[in-house]
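Contents: one structure, followed by commentary.
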Amino acid sequence: MIENGKPISPALMNMLNKQGVQPAPQPPAVQQQPALPNYEYNPMVSQTALAMSRQIVPTVSAAGVTEAQSRVQGYKNDLKEMLTSNKANILAVIPRTMNAQDTDGNGLIQGNEVSGNFVNAVERLDEMVNLGFNTQHVLPINPPGKTKAFGTAGSLYSPSDFLSIDPELVDENPPAEARAQIEKLYEQKTGKKLVKMDKNDPEVAFAQCKYYIDECHKRGIKVMLDLPSCASVDFSIKNPTMMATDSNGKEKVPQGWQDIRMLKPFENEQTRTLNNDVLDLHKKFVDMCVELGFDGVRADVGRAKPVEFWNVIINYSHAKDPQFAWLAETYTHEDASPQLNMPYDRPQELLEVGFDTYYGQYHIFNQWTTNEDLYKYVKENIDMNNKIGQPKSLIGSFATHDDYSPMLYGGAPWVMFTTILQSMLPQVNPYMVDGSQTGDTYIYPYKGATVKDTETDNNECFVHAGKLDIFNKSRKPGGDHPEISTAIKSAFALRNNKYNEVSNGEVRLEMKNAQDVITKGSFIILPTNNPEIISFARHKDGKTLVFIGNRNVNKTVGGTITIPGLSAEQKFKNLMPSYGEECKFQNDKNGNVTVELGASRACVFEIDDKDIQTLSNPQNVLQQEYLN
Amino acid sequence: MNNSAMSPLLRNRIQSGNPNANQNGADLNYVYENLKLRANEAKPNEAKAKLVNDNFIKRQTDAIKDTGKDCANFVKAVKTADVNDTQLGRINDIGMKVGAALIAAFLALNAKNKKTAVMEFVGAATFLTSMAAWPKLFINLPAKLVHGFDIDKKYISAQGEKKDFFLDNQFLPWDIYSKEELTEIGKNTGIDINSPNGEEKIKRKMQKTALQNRTLWMATAGFATPLMTSMACSVAEPYIEKGIIKSDFNKVRKLTEANGVKSYIDSIQAKSGEISKSQAELNKLFEGHQKGVLGENFFDELASKLGLSSLSQEFKNADDLKVIAEFESNTALVDELKSLYKNSASYDSEDLLKALSSLNVKSQGMEALGKEEIQALSKKLGGGFTHSQLVKELLSLGCDPKQVAKLKHNSVNAQTLFDILGQVPLKSANGAKTLTQEQLKNMLGDGPLTIGRVRQLLSNPAQFNQKEVEQILENVKVDNSEFIETIKTFDRELGANTRAKVAKFMKLVNPVAGERSLSVYTKEYMDTVNTLFKEMGLTDGQIRALISENPQVKVPEVLKDFFKGKAQNQGEYKTFIEDLYRKVQTPDEVANVVKSLTDNASSISSDVAQGSKFKGLMEAMLGEGKQSCSLVNSIKSFLGTGTTNIETFKSKLLLMSGLERRIQSGELAQAFKDNGLVSEAFSIEQLTKLAREAIYSSSSSNAANKFGMPNAYKIFRDIVFDKNAYDIEKGVSKQAAEGIEKAIEFMTKEGSISKETYLGASNFASQIKTIARSLNNNKIWKKIFVTGTIALAAVTLLVQPLFGNIKKEYPENNKAGNNK
């Protein structure tokens with residue numbers, strides 16, 4: 001026991017105890033960072049060799065990289081850097097549906113139909129690259145719990161084991177090329193030859209997962225794995241010490257989610273002492289991620305764990321991989337949590353403790369009926385970033401797997417509008433859910449149906465209508481609107497500095513580095529007299545891109561936009577694909593542009609206006625600081 | 001560095017030294033353990049929300065500020081819809097306040113009088129106040145005293161909005177309570193924060209207590225708010241009434257003190273809006289009655305439109321028929337104006353029945369008007385009918401209208417009735433004949449039917465059924481245009497200004513002498529009876545018996561017993577009546593105001609009498625002369641009557657008490673003896689009883705009948721109403737003396753005396769009953785509401801200690817001193 005920096009003697013302690021004095025709980029002693037291990041001096045080993053040996057890290061390759069990096073030449077994890085510098089274009093995928101083959105068209109994968117797995121998922125990677133995605137958010141791959149489960153496959157967020165992979169994601173009959181690679185990976189880990197692609201062999205699953213990740217890395221796609229915040233009933237039965245209970249000893253259930261149970265992050269919440277078992281479990285999860293080759297983690301319900309917890313886990317992950325990225329599912333500051341058994345949401349705290357990026361509130365963008373609502377939110381995030389003192393970002397959470405398909409709000413035009421918009425916003429990494437590239441409405445015909453074959457104790461095909469199915473083995477996501485993909489491609493090409501390659505020469509981008517303008521440039525609000533028109537500019541080093549869009553999904557709107565410094569001769573050539581109703585632009589010599597915009601139309605222009613930032617009202621100019 | 005040249009042996013040795021190091025050589029296990037130890041270097045940020053710590057005064061000022069913010073948010077919501085849920089929810093509060101005010105304003109517009117109008121707003125305000133006060137006084141405060149924390153704690157959210165901390169039981173921002181604050185609350189609730197789950201228990205207890213109290217609030221608010229509101233209103237009402245009466249009276253008083261009444265009246269000009277409005281109303285009235293028989297309703301409305309109906313009551317004493325008969329020309333108008341100045345004297349049907357039954361009415365060739373008809377007539381008219389009702393019934397029986405017209409309301413006697421009824425063409429032996437519409441038309445010939453012609457027809461005793469004629473006439477199109485033209489001419493000549501002056505002057509008169517409106521006199525009546533009841537010390541049961549319809553219990557008996565008791569001790573008696581009268585004394589200023597108004601009533605004069613087609617009528621209406629039915633005289637009479645009524649009302653108390661004093665002292669018995677009234681037929685007790693009847697019951701006819709001797713009744717009356725025998729009572733004050741003298745003068749007038757004319761006050765007993773009934777109702781309601789409120793408050797307070805019980809949730813710590 002330490003008091004005032006000095007230890008209390010046992011005698012003193014005894015005396016205090018006898019008098020009924022309880023010393024105040026002491027903060028945990030800070031231990032010195034242990035010195036680097038001294039290797040035993042061996043005169044037979046030359047000093048040169050010894051010096052060389054100290055540079056070797058047994059768990060990493062000779063080049064000083066992680067195992068994943070050693071598997072794929074030319075690959076290096078820079079996801080943390082990408083996210084914090086707003087360069088990630090993210091697609092959320094579910095391996096068990098990604099390339100599922102719904103041959104009978106009923107939406108459900110049954111019988112001999114092939115569900116998604118790590119191997120057939122690779123077939124879709126080129127498509128993603130083609131569109132411009134460079135990052136994946138892989139929803140949980142752990143085996144789902146089967147007891148009191150939702151759906152016939154079990155919820156992805158109800159893991160029965162955090163440290164293993166769902167055997168259903170194993171392809172037991174992969175193509176030859178894939179097989180060869182998988183066998184190699186299997187041997188590297190186990191030291192044994194792979195005889196049979198047995199899905200019940202966890203190492204097979206590991207090997208196939210690594211294969212998938214390597215294929216992603218080969219194509220320049222970074223991969224984040226989803227970390228569930230809670231556990232299944234099956235897990236809770238096996239690991240009672242890790243589960244949160246109420247005062248009656250009953251396990252805590254997050255309100256609305258009866259198939260999962262809360263983990264217990266604190267051993268003693270009063271003293272804020274963490275639960276070692278839960279902590280160790282997450283450490284192992286990180287170890288697993290790094291071993292598999294994941295570049296980062298998306299923490300489901302980030303607020304379910306306290307900052308002390310993340311302080312340990314995130315820093316640990318960075319000790320393993322400095323570029324290991326962290327995405328927090330956290331939305332907005334709450335004074336208290338409205339959800340029973342779930343702590344309050346505090347994004348700033350999570351970002352300060354180490355998360356690189358977070359969800360934010362863009363999922364309620366469709367409720368912001370005026371441009372002021374958007375600008376206010378952009379400012380709020382930039383201010384928070386500047387207050388934290390490190391670059392932090394958001395994802396373009398206009399529609400995540402927890403939200404209704406944007407198709408249901410405004411159809412394909414709305415999806416295109418939000419895609420283009422999030423590609424142009426500051427401090428945002430565009431984010432989409434698999435299926436929205438072609439306008440999936442996530443309406444499943446089997447909703448509520450009872451089936452004979454089920455992998456859980458539930459025969460009902462539970463699903464949230466309008467949201468991506470995470471409870472059943474369902475069809476490959478996708479819709480009937482390929483035009484959305486065209487918009488994605490153009491928008492991401494602009495962000496990735498590949499616009500002219502992709503544009504078919506119709507409109508040529510003059511600036512060389514649009515990526516810098518978008519990811520690092522200032523955000524300049526362009527005043528307009530119509531609150532439904534969203535108009536802003538991105539500017540850096542004399543280069544300017546202007547976004548003009550109509551957030552009204554039902555009608556054409558008109559208005560006047562003031563662009564300080566705009567030349568009367570400026571031509572407006574839309575860099576984005578046209579869709580829906582025509583848009584008209586007419587500028588005058590005073591820097592005003594009169595516009596007529598079709599419903600949900602979004603346009604991006606390159607304009608020659610070097611002085612736009614200096615000429616604008618300073619209150620309309622926002623700059624995210626601390627970017628590299 | 002490419003160290004593939006390194007020998008496997010060396011590599012192995014190096015690798016086996018530290019298999020878990022990262023690229024910097026740090027051992028990851030060490031790193032992890034170190035991180036665990038340093039986990040608490042990261043701490044949650046301070047909450048952005050803050051508790052509101054304020055005092056009572058700040059809370060009130062904040063409430064006003066918050067209302068201002070709510071108004072601003074409302075405007076914002078309407079303009080831009082840019083408000084959140086909390087702001088939107090709070091807008092409901094404005095809606096409630098504004099809505100309450102608007103409802104009160106609407107009800108006030110339709111209120112009968114000012115007091116009712118003001119009480120609408122008082123009711124709205126007290127309702128809203130009760131809604132806020134009930135939880136604060138009976139729930140929050142006791143909860144704080146019992147449980148040691150404020151269940152109504154407010155906080156400012158991260159978004160800058162003020163909210164209730166415990167509003168949503170599932171949304172409690174606990175981190176804004178500091179540990180010190182929770183420790184203090186724990187001490188108050190008996191939970192040691194350092195005990196296992198101590199903090200959690202404290203929070204749980206607070207949460208549960210708040211939830212239970214808020215539930216209690218919801219359960220009781222529906223009862224408590226109306227109870228508190230009604231109690232507050234019933235407490236406020238008499239003060240408001242007093243305030244309104246005083247305020248209205250003061251306005252009039254100031255005018256009279258400044259001698260401004262005349263100039264005020266002279267300055268009155270009917271506004272063009274008023275003129276056109278009244279013209280429009282008259283036109284509307286006439287349009288609706290161009291054809292058809294003009295009934296009583298028409299003339300009621302006409303009188304109202306001409307601004308004369310408020311004085312109709314005053315004409316009951318006027319010999320209007322005689323006056324009107326002196327006017328020249330237009331008998332149609334004359335006839336109809338009879339209805340305009342309605343008499344409202346009422347007869348005692350019992351008297352009438354007795355008078356008629358003593359006659360055996362026979363007429364040539366007609367059957368006798370038997371008892372059945374008379375009884376039917378009496379039954380139909382009920383116990384108290386107006387002169388006009390009697391006239392109508394007589395007409396319907398076929399009496400000669402001219403004869404009926406001669407019927408003076410205060411001179412119905414057996415002989416007159418006989419004369420009239422003798423003319424009734426009742427069912428003849430030949431049977432009644434009826435006229436068809438065709439026959440009637442032929443009889444009347446061409447030309448428009450006017451009321452005058454119809455009346456002429458009726459005045460001729462024809463052998464047809466009067467009722468059927470009336471019915472036929474109703475169906476016949478009667479052209480009233482000539483009559484209406486006459487009325488229009490009269491109205492023009494009367495002038496809008498004159499009518500406006502009458503109306504405005506009555507607005508000065510009503511606060512003093514008005515009966516229906518809140519007036520000084522009405523208040524005095526109430527105060528007098530109130531004082532009397534207090535003096536009498538009547539129990540609730542006695543008051544209820546007093547006002548019940550139980551014939552065994554009569555007001556006079558109760559009053560008699562009271563005054564009898566007071567008169568027993570002659571020494572204390574004078575003090576008692578002086579005290580009583582002092583309490584009910586009319587202030588001099590009231591008398592001064594009445595005098596001033598009376599003096600200035602003449603200011604309402606007609607400038608159009610000269611050259612008017614209705615010169616005589618105008619002069620009679622607006623002049624002061626001999627014409628007792630004139631408007632001016634009526635106003636004076638109205639004022640005077642009010643004064644008289646009040647004073648004689650109070651004087652009656654003195655007469656009653658004086659009588660009892662005389663009885664107790666033996667003076668009265670001696671006076672009876674001295675005047676030879678005591679005989680075998682009339683003992684002193686019987687005479688005393690009759691004397692009491694005369695004073696208490698306001699009737700002398702029984703006595704008159706009983707005596708049988710012509711002079712004996714007079715002697716009896718002079719003894720009972722001996723003006724010299726009430727010197728003690730008259731000595732109380734000048735007004736008392738005047739009042740008693742007047743009362744005695746009334747009683748000693750020749751002729752039969754009705755209850756109404758006795759003392760000039762309407763039925764004393766019924767007035768007492770009316771006021772007592774009102775007082776009793778107030779008492780009953782107060783009892784119910786006070787009892788209800790006390791019961792509800794008691795229940796609310798008693799359940800408080802039962803709240804916040806967390807024993808079941810934390811059974812392992814269910815020990816004394818650990819938790820409650």
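Letters for chains follow the order of the structure tokens (A, B, ...), residue numbers begin at 1 for each chain, and ligand numbers begin at 1 in the order shown.
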Tell me which protein, DNA and RNA residues are within 9 Å of Glu172 (chain A), counting only C-alpha atoms, leaving out same-chain ones fewer than 6 positions away, and put them as a ChimeraX atom specification. /A:196-199
Would you pick out the contacts of region 536-545 of chain B at 10 Å or less, using only C-alpha atoms, so that residues sharing its chain but fewer than 5 positions from it are not included, and give the list as a PDB file with C-alpha atoms, in the first residue's frame?
```pdb
ATOM      1  CA  ASN B 530     -74.739  37.184   6.483  1.00  0.00           C
ATOM      2  CA  THR B 531     -74.257  39.297   9.575  1.00  0.00           C
ATOM      3  CA  ASN B 550     -90.270  21.811   4.917  1.00  0.00           C
ATOM      4  CA  PRO B 551     -93.420  23.671   5.900  1.00  0.00           C
ATOM      5  CA  GLN B 552     -92.713  22.960   9.531  1.00  0.00           C
ATOM      6  CA  VAL B 553     -89.721  25.212   9.428  1.00  0.00           C
ATOM      7  CA  LYS B 554     -90.426  28.772   8.550  1.00  0.00           C
ATOM      8  CA  VAL B 555     -88.178  31.777   8.460  1.00  0.00           C
ATOM      9  CA  VAL B 558     -86.482  31.043  13.353  1.00  0.00           C
ATOM     10  CA  LEU B 559     -86.233  34.808  13.466  1.00  0.00           C
ATOM     11  CA  ASP B 561     -86.816  32.497  18.393  1.00  0.00           C
ATOM     12  CA  PHE B 562     -83.645  34.430  17.819  1.00  0.00           C
ATOM     13  CA  PHE B 563     -84.944  37.835  18.680  1.00  0.00           C
ATOM     14  CA  GLY B 565     -83.699  35.074  23.021  1.00  0.00           C
ATOM     15  CA  LYS B 566     -81.959  38.395  22.627  1.00  0.00           C
ATOM     16  CA  LYS B 769     -84.165  32.047   2.007  1.00  0.00           C
ATOM     17  CA  ALA B 772     -79.335  31.718   2.922  1.00  0.00           C
ATOM     18  CA  ARG B 773     -79.526  29.161   0.168  1.00  0.00           C
ATOM     19  CA  LEU B 775     -74.604  30.927   1.642  1.00  0.00           C
ATOM     20  CA  ASN B 776     -75.461  27.350   2.438  1.00  0.00           C
ATOM     21  CA  ASN B 777     -74.414  26.146  -0.974  1.00  0.00           C
ATOM     22  CA  LYS B 779     -70.670  26.263   2.807  1.00  0.00           C
ATOM     23  CA  ILE B 780     -71.491  22.820   1.436  1.00  0.00           C
TER      24      ILE B 780
END
```
Please determine, counting only C-alpha atoms, which residue among B:Lys50, B:Arg90, B:Lys650, B:Lys783 has the shortest atom-to-atom distance to Ala77 (chain B).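 So, comparing all the options, the nearest one is B:Arg90.
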Selection: 7 Å around His333 (chain A), only C-alpha atoms, excl. self and same-chain fewer than 3 positions, as a list in words: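 Once the adjacent positions are removed, what remains is Asp345, Arg346 and Pro347 of chain A.
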Could you turn the residues from that selection into a file that holds C-alpha atoms, as a PDB file, in the first residue's frame?
```
ATOM      1  CA  ASP A 345     -22.695   7.864 -26.055  1.00  0.00           C
ATOM      2  CA  ARG A 346     -19.713  10.231 -25.898  1.00  0.00           C
ATOM      3  CA  PRO A 347     -17.931  10.443 -29.268  1.00  0.00           C
TER       4      PRO A 347
END
```
With a distance cut-off of 9 Å and only C-alpha atoms, select the neighbouring residues of Val52 (chain B), excluding the residue or stretch itself and same-chain residues fewer than 4 positions from it, and output the selection as a PyMOL selection string. chain B and resi 153-156+162
Taken to one decimal, the CA of Gly249 (chain A)-CA of Ser155 (chain A) distance is 24.9 Å
